[in-house]
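Since the structure comes first, as structure tokens, the remarks are kept for the end.
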Amino acid sequence: MTVILTYNPRYLTRLKVLFRKLNGNFKKLWEQDNGDWHWLKEKPTPIASLNRSIWRLSVPAFSFHFMLGLSTIIATLGLLANSAAVIIGAMIVAPLMGPIVGMAYSTAMGNRKLLRRSSFTVLKGILLTITVSWLVTSIIGLDTVDTEIMSRVKPTLIDFGIAMAAGAAGAFANTRRSISTAMPGVAIAVALVPPLSVVGIGLAQGEGSIAFGALLLFLTNLICIVFFGSLVFLFQSYGNLERAKKGLAFSTAVMFILGIPLTLSMRELIVSKNVRHQIEDFILEKRESFRDADISSITVTPRKGYVRVDLEIAAPLGSISQEQIEQARSNLSKYVDRDIYLDVEVIPVRRLTAPNQSNR
């Protein structure tokens, strides 16, 4: 059986007519009872209005210093008290995001005068925040270093990604009046004042590593906001690439330099998380050496060439020997395929009972 297919021009004409009818019906359906929605089409903020707004945010006025000082006090006390809610409140109050967005805008526009003004304001804000935090910590006299502080001393590429998105969101929110209320959320996400407050806390406590790590986090946030905020402004035709290329090149170089310690911290974080899960599984599931012990905490710290494991356990006095610890270290090292330094802190447990008359 042979099937012969022939081309008929009438079929093509009918398809065209059918397509036009469907397209016409779709347009009628779309426009029916929808009214005139042209006013919903959102346009970027006029350049003159945006320019005035960012200039106001970039000037180091009295209100800027006053609010930044108060937000620093709130953030420092929240960090010392290990209160996440208080720290979030400090992020919302802080006005430091404004001049940083000004740096991004001036980079895109090639406006050197605005760039100098906003950079000077940011520098004054940095010094003010660190100084106030240092004074508050010195007056209170607390030497505690809790989780809220430690979470800001080892930035990684994750923090880089957060700052990248927050910088783009901050720049875009400034160009759209309808979403200008998103700025507090941006300030919470990128966290500018808390890292600087940790720098002041570290200096007051004589902990240089804490101060350096927190400063690295702030610089990461700062340069990402400037770079990716500039790209958002350029994408919306504020400024031009020719004027912005020097500033973008400088920002790219700084990001590359900051990316080195961030990448190393990211690798350390991945190793720490993976090894920690392996060690916890081994200790909790195959705990022959700690059969009579109650494990209180497990701390895993990657070091150069080995992994340090700190255990805090509660056990009867004399129930755990040095040989058991050596055996546990050997088994653990084989299980995770890494050299292990095992440090076990045994808290003596003495159980006292007073049985009733029937059990005596």
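All residue names refer to the structure tokens as shown: chains lettered A, B, ... in order, residues numbered from 1 in each chain, ligands numbered from 1 in order.
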
Given only C-alpha atoms, how would the per-residue table for region 65-153 of chain A near region 57-60 of chain A read, listing every residue at most 6 Å away with its closest atom pair and distance in Å to one decimal, sorted by chain and number, as CSV?
```
residue,atom,partner,partner_atom,distance
A:Gly98,CA,A:Leu57,CA,5.0
A:Pro99,CA,A:Ser58,CA,4.2
A:Gly102,CA,A:Ser58,CA,5.9
A:Ser118,CA,A:Ser58,CA,4.7
A:Thr121,CA,A:Pro60,CA,5.3
```

query: Which residue gives the smallest distance to Ala90 (chain A) among A:Ile54, A:Ala48, A:Met109, A:Ala191, with only C-alpha atoms counted?
result: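 Closest to Ala90 (chain A), using only C-alpha atoms: A:Ala191.
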
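With CA of Leu127 (chain A) on one side and CA of Pro95 (chain A) on the other, the separation reads 14.3 Å.
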
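CA of Pro44 (chain A) lies 7.7 Å from CA of Gln236 (chain A).
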
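Take CA of Glu207 (chain A) and CA of Met266 (chain A): the distance between them is 22.1 Å.
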
task: Name the residues of region 178-315 of chain A that come out as strand (DSSP E) in a backbone DSSP run; write them as a list in words.
output: Asp294, Ile295, Ser296, Ser297, Ile298, Thr299, Val300, Thr301, Pro302, Arg303, Tyr306, Val307, Arg308, Val309, Asp310, Leu311, Glu312, Ile313, Ala314 and Ala315 of chain A

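With distances restricted to only C-alpha atoms, A:Pro195 is the closest residue to Leu217 (chain A) from A:Gly318, A:Pro195, A:Gly239, A:Gly259.
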